[in-house]
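Structure file my_file.csv (CSV, C-alpha atoms) follows.
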chain,number,residue,atom,x,y,z
D,1,MET,CA,-22.7,40.4,279.5
D,2,VAL,CA,-21.9,44.1,279.3
D,3,ARG,CA,-19.2,45.3,281.6
D,4,SER,CA,-18.0,48.8,282.5
D,5,GLY,CA,-14.4,48.3,281.7
D,6,TRP,CA,-12.6,44.9,282.1
D,7,THR,CA,-12.7,42.9,285.3
D,8,GLY,CA,-10.5,40.0,284.2
D,9,ASP,CA,-13.2,37.5,284.9
D,10,HIS,CA,-11.4,34.3,283.9
D,11,GLY,CA,-9.7,31.3,285.4
D,12,ARG,CA,-6.4,31.6,287.2
D,13,HIS,CA,-3.5,29.2,287.5
D,14,GLY,CA,-1.7,28.3,290.7
D,15,GLU,CA,1.9,28.2,291.5
D,16,GLY,CA,4.4,25.5,292.3
D,17,PRO,CA,5.7,22.3,290.7
D,18,GLY,CA,3.4,20.4,288.4
D,19,VAL,CA,1.1,23.3,287.9
D,20,ARG,CA,0.1,24.1,284.3
D,21,SER,CA,1.7,27.1,282.7
D,22,PRO,CA,-0.6,30.0,282.0
D,23,PRO,CA,-1.8,30.2,278.3
D,24,GLN,CA,0.5,32.2,276.0
D,25,GLY,CA,-0.4,34.7,273.3
D,26,GLY,CA,-3.5,36.7,272.8
D,27,LEU,CA,-3.9,40.5,272.9
D,28,PRO,CA,-4.5,41.8,276.4
D,29,PRO,CA,-6.7,44.9,276.5
D,30,VAL,CA,-5.2,48.3,277.1
D,31,ASP,CA,-6.1,50.1,280.3
D,32,ALA,CA,-8.2,52.7,278.4
D,33,VAL,CA,-11.2,51.0,276.9
D,34,ALA,CA,-14.7,52.3,276.0
D,35,ASP,CA,-17.3,52.3,278.8
D,36,ALA,CA,-19.5,49.7,277.2
D,37,VAL,CA,-17.6,46.5,276.8
D,38,VAL,CA,-19.2,43.1,276.2
D,39,GLU,CA,-17.1,40.2,277.4
D,40,ILE,CA,-17.6,37.0,275.4
D,41,ALA,CA,-16.1,33.5,275.7
D,42,CYS,CA,-15.2,31.6,272.6
D,43,ASP,CA,-14.0,28.2,271.4
D,44,GLU,CA,-13.9,26.4,268.1
D,45,SER,CA,-14.5,22.9,266.8
D,46,GLY,CA,-13.0,21.3,263.7
D,47,PHE,CA,-9.7,23.2,263.6
D,48,SER,CA,-7.2,21.2,261.5
D,49,GLY,CA,-4.4,23.6,261.0
D,50,THR,CA,-3.4,24.1,257.4
D,51,ASN,CA,-4.9,20.7,256.5
D,52,LEU,CA,-8.1,22.3,255.1
D,53,LEU,CA,-9.0,19.4,252.8
D,54,ASP,CA,-9.4,16.7,255.4
D,55,PRO,CA,-12.7,15.1,254.5
D,56,ALA,CA,-13.2,14.1,258.2
D,57,THR,CA,-13.6,17.8,259.2
D,58,PRO,CA,-15.1,19.7,256.2
D,59,VAL,CA,-16.2,22.6,258.4
D,60,ILE,CA,-15.0,24.6,261.4
D,61,THR,CA,-17.4,26.2,263.8
D,62,HIS,CA,-16.6,29.1,266.1
D,63,ALA,CA,-19.0,29.6,269.0
D,64,SER,CA,-19.3,32.5,271.5
D,65,VAL,CA,-21.4,33.1,274.5
D,66,ASP,CA,-21.9,36.2,276.7
D,67,LEU,CA,-22.6,34.3,279.9
D,68,SER,CA,-21.0,35.2,283.2
D,69,THR,CA,-18.7,32.7,284.9
D,70,GLY,CA,-21.5,31.9,287.4
D,71,GLU,CA,-24.1,31.5,284.8
D,72,ALA,CA,-21.9,29.1,282.8
D,73,ALA,CA,-21.0,27.1,285.8
D,74,GLY,CA,-24.6,26.8,286.8
D,75,LEU,CA,-25.6,25.6,283.3
D,76,ILE,CA,-22.9,22.9,283.4
D,77,ALA,CA,-23.9,21.9,286.9
D,78,ALA,CA,-27.5,21.6,285.8
D,79,LEU,CA,-26.5,19.4,282.8
D,80,ARG,CA,-24.5,17.1,285.1
D,81,SER,CA,-27.1,16.8,287.8
D,82,GLY,CA,-30.2,16.7,285.6
D,83,PHE,CA,-28.8,14.5,282.8
D,84,ARG,CA,-26.1,12.5,284.7
D,85,PHE,CA,-23.1,13.5,282.7
D,86,SER,CA,-19.6,12.9,284.0
D,87,LEU,CA,-17.7,15.4,286.1
D,88,ASN,CA,-15.0,15.7,283.5
D,89,GLU,CA,-14.8,18.6,281.1
D,90,PHE,CA,-17.7,18.5,278.7
D,91,LYS,CA,-17.1,17.5,275.0
D,92,SER,CA,-19.7,17.4,272.3
D,93,GLY,CA,-19.0,13.7,271.5
D,94,GLN,CA,-19.8,12.4,274.9
D,95,PHE,CA,-22.7,14.9,275.3
D,96,LEU,CA,-24.4,13.7,272.1
D,97,ARG,CA,-23.9,10.0,273.0
D,98,GLY,CA,-25.6,10.4,276.4
D,99,PRO,CA,-28.8,8.4,277.1
D,100,ARG,CA,-30.9,11.5,277.2
D,101,ALA,CA,-29.0,13.5,274.5
D,102,GLY,CA,-32.0,14.8,272.7
D,103,GLU,CA,-33.6,16.1,275.8
D,104,ALA,CA,-30.4,17.5,277.1
D,105,LEU,CA,-29.6,19.3,273.8
D,106,GLU,CA,-33.1,20.9,273.7
D,107,TRP,CA,-32.6,22.2,277.3
D,108,PHE,CA,-29.1,23.4,276.6
D,109,LEU,CA,-30.1,25.4,273.5
D,110,ALA,CA,-33.1,26.9,275.3
D,111,ALA,CA,-30.8,28.0,278.1
D,112,LEU,CA,-28.6,29.8,275.6
D,113,SER,CA,-31.4,31.6,273.7
D,114,GLY,CA,-30.2,35.1,272.9
D,115,ARG,CA,-26.9,34.5,274.6
D,116,ALA,CA,-24.9,32.7,272.0
D,117,HIS,CA,-23.6,32.9,268.4
D,118,VAL,CA,-22.1,30.4,266.0
D,119,HIS,CA,-20.0,31.2,262.9
D,120,LEU,CA,-19.6,28.4,260.5
D,121,VAL,CA,-16.8,28.1,257.9
D,122,ASP,CA,-16.9,25.6,255.0
D,123,LYS,CA,-13.2,25.0,254.6
D,124,GLU,CA,-13.4,24.5,250.8
D,125,TYR,CA,-15.4,27.7,250.4
D,126,PHE,CA,-12.9,29.4,252.6
D,127,LEU,CA,-10.1,28.3,250.3
D,128,VAL,CA,-12.0,29.7,247.3
D,129,THR,CA,-12.4,33.1,249.1
D,130,ARG,CA,-8.7,33.1,249.8
D,131,ILE,CA,-7.9,32.5,246.1
D,132,VAL,CA,-10.1,35.4,245.2
D,133,ASP,CA,-9.2,37.8,248.0
D,134,LEU,CA,-5.5,37.2,247.9
D,135,LEU,CA,-4.8,36.5,244.2
D,136,LEU,CA,-7.4,38.8,242.5
D,137,ALA,CA,-7.5,41.6,245.0
D,138,GLU,CA,-5.1,43.4,247.4
D,139,PRO,CA,-4.4,41.0,250.3
D,140,SER,CA,-5.9,42.2,253.5
D,141,TYR,CA,-6.7,41.1,257.0
D,142,ALA,CA,-10.3,41.9,256.1
D,143,ALA,CA,-10.3,39.0,253.6
D,144,GLY,CA,-13.1,36.5,254.2
D,145,THR,CA,-15.2,38.9,256.2
D,146,ARG,CA,-18.2,41.1,255.5
D,147,LEU,CA,-15.8,43.9,254.9
D,148,THR,CA,-14.8,42.3,251.6
D,149,GLN,CA,-18.3,41.4,250.4
D,150,ASP,CA,-17.6,43.0,247.0
D,151,HIS,CA,-15.3,40.0,246.2
D,152,ARG,CA,-17.8,37.4,247.4
D,153,PRO,CA,-19.8,37.0,244.1
D,154,ALA,CA,-16.6,35.9,242.3
D,155,ALA,CA,-15.8,33.4,245.0
D,156,LEU,CA,-19.3,32.1,245.1
D,157,THR,CA,-19.4,31.7,241.3
D,158,LEU,CA,-16.1,29.7,241.4
D,159,TYR,CA,-17.2,27.6,244.3
D,160,ARG,CA,-20.5,26.5,242.7
D,161,ALA,CA,-18.7,25.6,239.5
D,162,LYS,CA,-17.1,22.7,241.3
D,163,ARG,CA,-20.3,20.7,240.4
D,164,SER,CA,-19.0,20.5,236.8
D,165,ALA,CA,-15.3,20.0,237.7
D,166,GLY,CA,-15.1,16.4,238.9
D,167,SER,CA,-11.8,15.4,240.4
D,168,ASP,CA,-10.0,18.4,238.9
D,169,TRP,CA,-11.6,20.5,241.6
D,170,GLY,CA,-9.8,18.8,244.4
D,171,VAL,CA,-6.5,18.9,242.5
D,172,PHE,CA,-6.9,22.7,242.0
D,173,LEU,CA,-7.6,23.4,245.7
D,174,ALA,CA,-4.7,21.1,246.8
D,175,ALA,CA,-2.4,22.9,244.4
D,176,PHE,CA,-3.4,26.3,245.9
D,177,VAL,CA,-2.7,24.9,249.4
D,178,GLU,CA,0.7,23.7,248.4
D,179,LEU,CA,1.5,27.0,246.7
D,180,VAL,CA,0.8,29.2,249.7
D,181,ARG,CA,1.9,26.8,252.5
D,182,ILE,CA,5.3,28.4,252.9
D,183,LYS,CA,7.9,27.6,255.5
D,184,ARG,CA,10.3,30.5,256.0
D,185,PRO,CA,12.9,31.2,255.0
D,186,HIS,CA,11.8,30.0,251.6
D,187,ARG,CA,12.0,31.2,248.0
D,188,PRO,CA,8.9,30.9,245.8
D,189,ASP,CA,8.6,27.3,244.5
D,190,ARG,CA,8.4,27.4,240.7
D,191,ARG,CA,7.2,23.8,240.6
D,192,ALA,CA,4.3,24.6,242.9
D,193,LEU,CA,3.5,27.6,240.8
D,194,GLU,CA,3.4,25.5,237.6
D,195,ARG,CA,1.2,22.8,239.3
D,196,PHE,CA,-1.2,25.5,240.4
D,197,PHE,CA,-1.6,26.9,236.8
D,198,GLN,CA,-1.8,23.4,235.4
D,199,ALA,CA,-4.7,22.7,237.8
D,200,ARG,CA,-6.3,26.0,236.8
D,201,ASP,CA,-6.1,25.2,233.1
D,202,ALA,CA,-7.6,21.7,233.7
D,203,LEU,CA,-10.6,23.4,235.3
D,204,VAL,CA,-11.0,25.7,232.4
D,205,ARG,CA,-11.1,22.7,230.1
D,206,ASP,CA,-13.9,21.2,232.1
D,207,GLY,CA,-16.2,23.9,230.8
D,208,LEU,CA,-17.3,25.6,234.0
D,209,GLY,CA,-19.2,28.4,232.3
D,210,ALA,CA,-18.2,31.8,231.3
D,211,GLU,CA,-18.4,33.5,234.7
D,212,ALA,CA,-16.3,30.9,236.5
D,213,GLU,CA,-13.8,30.8,233.7
D,214,GLY,CA,-13.6,34.6,233.8
D,215,VAL,CA,-12.5,34.3,237.5
D,216,LEU,CA,-9.9,31.7,236.7
D,217,ASP,CA,-8.6,33.8,233.7
D,218,GLY,CA,-8.0,36.6,236.2
D,219,LEU,CA,-5.3,34.5,238.0
D,220,SER,CA,-2.4,35.8,236.0
D,221,ARG,CA,1.1,34.4,236.5
D,222,THR,CA,2.5,37.8,237.3
D,223,ARG,CA,0.0,38.6,239.9
D,224,VAL,CA,0.1,35.2,241.6
D,225,ARG,CA,3.9,35.1,241.6
D,226,ALA,CA,4.0,38.6,243.2
D,227,VAL,CA,1.7,37.5,246.0
D,228,VAL,CA,3.6,34.3,246.7
D,229,THR,CA,6.9,36.3,246.7
D,230,ARG,CA,5.4,38.6,249.3
D,231,LEU,CA,4.4,35.6,251.4
D,232,SER,CA,7.9,34.2,251.1
D,233,ASP,CA,9.4,37.5,252.2
D,234,ASP,CA,7.1,37.4,255.3
D,235,ASP,CA,5.1,40.4,254.3
D,236,GLN,CA,3.1,41.0,257.5
D,237,SER,CA,0.4,42.9,255.7
D,238,ILE,CA,-0.9,39.6,254.2
D,239,PRO,CA,-3.0,37.4,256.5
D,240,PRO,CA,-2.0,33.8,256.8
D,241,PRO,CA,-3.6,32.3,253.7
D,242,LEU,CA,-4.6,29.0,255.3
D,243,GLU,CA,-6.0,30.3,258.6
D,244,PRO,CA,-9.9,30.5,258.9
D,245,MET,CA,-9.8,31.4,262.5
D,246,LEU,CA,-9.1,35.1,261.9
D,247,PRO,CA,-12.1,35.9,259.7
D,248,ALA,CA,-14.3,33.7,262.0
D,249,LEU,CA,-13.1,35.8,265.0
D,250,ALA,CA,-13.6,39.0,263.1
D,251,GLU,CA,-17.2,38.2,262.3
D,252,THR,CA,-17.8,37.1,265.9
D,253,VAL,CA,-16.5,40.5,267.2
D,254,LEU,CA,-18.5,42.4,264.7
D,255,PHE,CA,-21.7,40.5,265.7
D,256,TRP,CA,-21.3,41.2,269.4
D,257,SER,CA,-20.2,44.8,268.9
D,258,GLY,CA,-23.2,45.8,266.8
D,259,GLY,CA,-21.3,49.0,266.0
D,260,GLU,CA,-22.0,50.2,269.5
D,261,ARG,CA,-19.5,48.7,271.9
D,262,GLN,CA,-16.2,47.1,272.2
D,263,VAL,CA,-15.8,43.4,272.6
D,264,LEU,CA,-13.3,41.6,275.0
D,265,VAL,CA,-12.8,38.0,273.9
D,266,ILE,CA,-12.0,35.2,276.3
D,267,HIS,CA,-10.7,32.4,274.2
D,268,ASP,CA,-9.4,28.9,274.6
D,269,GLU,CA,-5.8,28.5,273.8
D,270,GLN,CA,-5.4,28.7,270.0
D,271,SER,CA,-2.0,28.9,268.3
D,272,ALA,CA,-3.4,30.7,265.3
D,273,LEU,CA,-4.3,33.8,267.3
D,274,THR,CA,-0.9,35.3,267.8
D,275,ALA,CA,-0.4,38.8,269.2
D,276,GLY,CA,0.9,40.1,265.9
D,277,ARG,CA,-2.1,38.7,263.9
D,278,LEU,CA,-4.6,40.0,266.5
D,279,SER,CA,-3.0,43.5,266.4
D,280,ARG,CA,-3.4,43.7,262.7
D,281,LEU,CA,-6.9,42.4,262.8
D,282,GLN,CA,-7.7,44.9,265.5
D,283,GLN,CA,-6.5,47.7,263.3
D,284,VAL,CA,-8.5,46.5,260.3
D,285,LEU,CA,-11.6,46.4,262.4
D,286,ALA,CA,-10.9,49.9,263.7
D,287,ASP,CA,-10.5,51.2,260.1
D,288,GLY,CA,-14.0,49.8,259.4
D,289,ALA,CA,-15.6,51.3,262.5
D,290,GLY,CA,-16.8,54.4,260.7
D,291,SER,CA,-19.0,52.3,258.4
D,292,SER,CA,-20.8,50.5,261.3
D,293,PRO,CA,-24.6,50.8,261.6
D,294,ALA,CA,-24.4,53.0,264.7
D,295,GLY,CA,-23.0,56.5,264.2
D,296,ALA,CA,-20.1,57.7,266.1
D,297,ASP,CA,-22.2,60.4,267.8
D,298,GLU,CA,-24.8,58.0,269.2
D,299,ALA,CA,-24.9,57.3,272.9
D,300,GLY,CA,-22.7,54.3,273.7
D,301,ALA,CA,-21.4,53.9,270.1
D,302,SER,CA,-17.8,53.2,269.4
D,303,PRO,CA,-16.2,56.3,267.9
D,304,ALA,CA,-14.9,56.0,264.4
D,305,GLY,CA,-11.3,54.6,264.5
D,306,VAL,CA,-11.8,52.7,267.8
D,307,SER,CA,-11.6,49.0,267.2
D,308,PRO,CA,-14.6,46.9,268.2
D,309,LEU,CA,-12.0,44.3,269.3
D,310,ALA,CA,-10.9,45.5,272.8
D,311,GLY,CA,-8.6,42.6,273.3
D,312,LEU,CA,-8.3,38.8,273.5
D,313,VAL,CA,-7.3,36.9,276.6
D,314,MET,CA,-6.2,33.3,276.3
D,315,VAL,CA,-7.4,30.8,279.0
D,316,ASP,CA,-7.3,27.1,279.6
D,317,SER,CA,-10.8,25.8,278.9
D,318,ARG,CA,-10.6,23.6,282.0
D,319,ASP,CA,-10.4,26.7,284.1
D,320,ASP,CA,-13.3,28.6,282.6
D,321,PRO,CA,-16.9,27.2,282.4
D,322,ARG,CA,-17.9,29.9,279.9
D,323,VAL,CA,-15.3,28.6,277.4
D,324,GLN,CA,-16.5,25.0,278.1
D,325,VAL,CA,-20.1,26.1,277.1
D,326,ALA,CA,-18.8,27.7,273.9
D,327,ASP,CA,-16.8,24.6,273.1
D,328,LEU,CA,-19.8,22.4,273.7
D,329,LEU,CA,-22.0,24.6,271.4
D,330,ALA,CA,-19.3,24.6,268.7
D,331,GLY,CA,-19.0,20.9,268.8
D,332,VAL,CA,-22.7,20.3,268.6
D,333,ALA,CA,-23.0,22.7,265.6
D,334,ARG,CA,-20.2,20.9,263.8
D,335,ARG,CA,-21.4,17.3,264.5
D,336,LEU,CA,-25.0,17.9,263.8
D,337,PRO,CA,-25.1,20.0,260.5
D,338,GLY,CA,-28.7,18.9,259.9
D,339,ILE,CA,-30.0,21.0,262.8
D,340,VAL,CA,-28.1,24.1,261.9
D,341,ASP,CA,-30.2,25.3,258.9
D,342,ASP,CA,-33.6,24.0,259.7
D,343,GLY,CA,-33.4,23.0,263.3
D,344,PRO,CA,-33.0,24.4,266.8
D,345,LEU,CA,-29.5,25.7,266.0
D,346,GLN,CA,-30.7,28.0,263.2
D,347,PRO,CA,-31.3,31.0,265.5
D,348,PHE,CA,-27.7,30.9,266.7
D,349,LEU,CA,-26.1,30.7,263.2
D,350,SER,CA,-24.3,33.8,261.9
D,351,PRO,CA,-25.8,35.1,258.6
D,352,THR,CA,-22.3,35.9,257.5
D,353,SER,CA,-21.0,32.4,257.9
D,354,LEU,CA,-18.4,31.6,255.3
D,355,ARG,CA,-20.3,29.1,253.1
D,356,ASP,CA,-22.6,28.9,250.2
D,357,PRO,CA,-25.9,30.7,251.4
D,358,GLU,CA,-27.9,28.2,249.3
D,359,ARG,CA,-26.5,25.2,250.9

Write-out of the structure in structure tokens:
Amino acid sequence: MVRSGWTGDHGRHGEGPGVRSPPQGGLPPVDAVADAVVEIACDESGFSGTNLLDPATPVITHASVDLSTGEAAGLIAALRSGFRFSLNEFKSGQFLRGPRAGEALEWFLAALSGRAHVHLVDKEYFLVTRIVDLLLAEPSYAAGTRLTQDHRPAALTLYRAKRSAGSDWGVFLAAFVELVRIKRPHRPDRRALERFFQARDALVRDGLGAEAEGVLDGLSRTRVRAVVTRLSDDDQSIPPPLEPMLPALAETVLFWSGGERQVLVIHDEQSALTAGRLSRLQQVLADGAGSSPAGADEAGASPAGVSPLAGLVMVDSRDDPRVQVADLLAGVARRLPGIVDDGPLQPFLSPTSLRDPER
């Protein structure tokens, strides 16, 4: 849904006792935005905070739609009337357990054809990209996105080597999580650093192959200690190392922008998307605008240096049917992985999803 400027088309909260407080955070758009702005609504499924090794939620899905409020409300109303779903807010669990779930899902996806997008993140693969992007390269808010594709072969090599690692693989990832999960103020934990390198050395002894071992050998103590020290010192130039929502949001914005327009995001409340993080992500995307497919001189194209992320407005999903549709799509994609690659969800899947492309 392309708008000329921003109209603030999202749910409102009332006033008085007992009324829910308005959502906090986000990055409201500035008054001056490009003429061509696409407004999308987003939500995620599978978010587990920094607990990225929970076997119950191995992936996180981030879905977006460009429906108007009226279109989304009509879609939900049609699902309720035609397939007899409850009047409560839709959730993927109840949707997929409905008596006519298969028929309803087919109708739902057909209604969203060309109007939706799903970015999928394999949490283990995300951790491997974090190890490579943070500990082998200069940490950046572009980490984990298409803007750091030159680091992806090393991450993919290491990720695929887990087939030969056995239980040492999980120990290695857990050691990394412990190493970078820093509560400030905090000095670098020498014991956590030692456990990380002990886990790395165990992987090397497993015989993962020359390429994977080369990646592991690049994890020098000096380099890793320096990055962990910067994290402990609250270096704002380093993205939160255990937060997959930021690269997922970046890829979503880049998809809808297409190098030609800015994107205003309407998002369900999400604690990971703080104003500071969003500002830094906005700047990273602005720095990459000059390399977009559309040139700065083309009609409707975003000029170089103008971020494709116009802003992000937090809403309560109960107040915005567009976010409810995005939430339902994200939940379906996470709960039914079998239909993502070879089924009806495949057209919606981002080709830059953070996972092994051969999976």

May I have the residues within 6 Å of segment 264-266 of chain D as a PyMOL selection string, using all atoms listed in the file and disregarding those fewer than 3 positions away in the same chain?
chain D and resi 39-41+310-313

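Taking atom CA of Pro321 of chain D as the reference point, atom CA of Glu243 of chain D is found at 26.4 Å.
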
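With distances restricted to only C-alpha atoms, D:Val121 is the closest residue to Phe47 of chain D from D:Arg97, D:Ser220, D:Val121, D:Ala202.
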
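Counting all atoms listed in the file and comparing D:Ala142, D:Leu249, D:Ile76, D:Ala212, the residue that lies closest to Asp287 of chain D is D:Ala142.
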
For a quick check of your reading of the model, name the residues lying within 10 Å of the coordinate (-13.5, 29.5, 236.7), counting only C-alpha atoms, and write them as a JSON list (two decimals) with C-alpha atoms, in the frame of the given file.
[["chain", "number", "residue", "atom", "x", "y", "z"],
["D", 154, "ALA", "CA", -16.60, 35.90, 242.30],
["D", 155, "ALA", "CA", -15.80, 33.40, 245.00],
["D", 157, "THR", "CA", -19.40, 31.70, 241.30],
["D", 158, "LEU", "CA", -16.10, 29.70, 241.40],
["D", 159, "TYR", "CA", -17.20, 27.60, 244.30],
["D", 160, "ARG", "CA", -20.50, 26.50, 242.70],
["D", 161, "ALA", "CA", -18.70, 25.60, 239.50],
["D", 162, "LYS", "CA", -17.10, 22.70, 241.30],
["D", 165, "ALA", "CA", -15.30, 20.00, 237.70],
["D", 200, "ARG", "CA", -6.30, 26.00, 236.80],
["D", 201, "ASP", "CA", -6.10, 25.20, 233.10],
["D", 203, "LEU", "CA", -10.60, 23.40, 235.30],
["D", 204, "VAL", "CA", -11.00, 25.70, 232.40],
["D", 205, "ARG", "CA", -11.10, 22.70, 230.10],
["D", 206, "ASP", "CA", -13.90, 21.20, 232.10],
["D", 207, "GLY", "CA", -16.20, 23.90, 230.80],
["D", 208, "LEU", "CA", -17.30, 25.60, 234.00],
["D", 209, "GLY", "CA", -19.20, 28.40, 232.30],
["D", 210, "ALA", "CA", -18.20, 31.80, 231.30],
["D", 211, "GLU", "CA", -18.40, 33.50, 234.70],
["D", 212, "ALA", "CA", -16.30, 30.90, 236.50],
["D", 213, "GLU", "CA", -13.80, 30.80, 233.70],
["D", 214, "GLY", "CA", -13.60, 34.60, 233.80],
["D", 215, "VAL", "CA", -12.50, 34.30, 237.50],
["D", 216, "LEU", "CA", -9.90, 31.70, 236.70],
["D", 217, "ASP", "CA", -8.60, 33.80, 233.70],
["D", 218, "GLY", "CA", -8.00, 36.60, 236.20],
["D", 219, "LEU", "CA", -5.30, 34.50, 238.00]]

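The spacing separating atom CA of Ala116 of chain D from atom CA of Ser68 of chain D amounts to 12.1 Å.
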
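Minimum atom-to-atom distance to Val325 of chain D, evaluated using only C-alpha atoms, belongs to D:Gly74 out of D:Pro347, D:Gly305, D:Gly74, D:Pro188.
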
Show me, as number ranges by chain, the residues that have an atom within 9 Å of Thr252 of chain D when counting all atoms listed in the file, minus same-chain residues fewer than 4 positions from it.
D: 62-64, 117-119, 247-248, 256-257, 350

Restricted to C-alpha atoms, what would the selected residues look like written as a CSV table (one decimal), in the coordinates of the input?
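Final output, result_19.csv:
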chain,number,residue,atom,x,y,z
D,62,HIS,CA,-16.6,29.1,266.1
D,63,ALA,CA,-19.0,29.6,269.0
D,64,SER,CA,-19.3,32.5,271.5
D,117,HIS,CA,-23.6,32.9,268.4
D,118,VAL,CA,-22.1,30.4,266.0
D,119,HIS,CA,-20.0,31.2,262.9
D,247,PRO,CA,-12.1,35.9,259.7
D,248,ALA,CA,-14.3,33.7,262.0
D,256,TRP,CA,-21.3,41.2,269.4
D,257,SER,CA,-20.2,44.8,268.9
D,350,SER,CA,-24.3,33.8,261.9

Would you kindly return, as a count of residues only, each protein, DNA or RNA residue with an atom no farther than 12 Å from any atom of Gln346 of chain D, considering all atoms listed in the file and excluding same-chain residues fewer than 3 positions away?
20

Quick one: distance from atom CA of Thr129 of chain D to atom CA of Pro239 of chain D in Å, one decimal?
12.7 Å
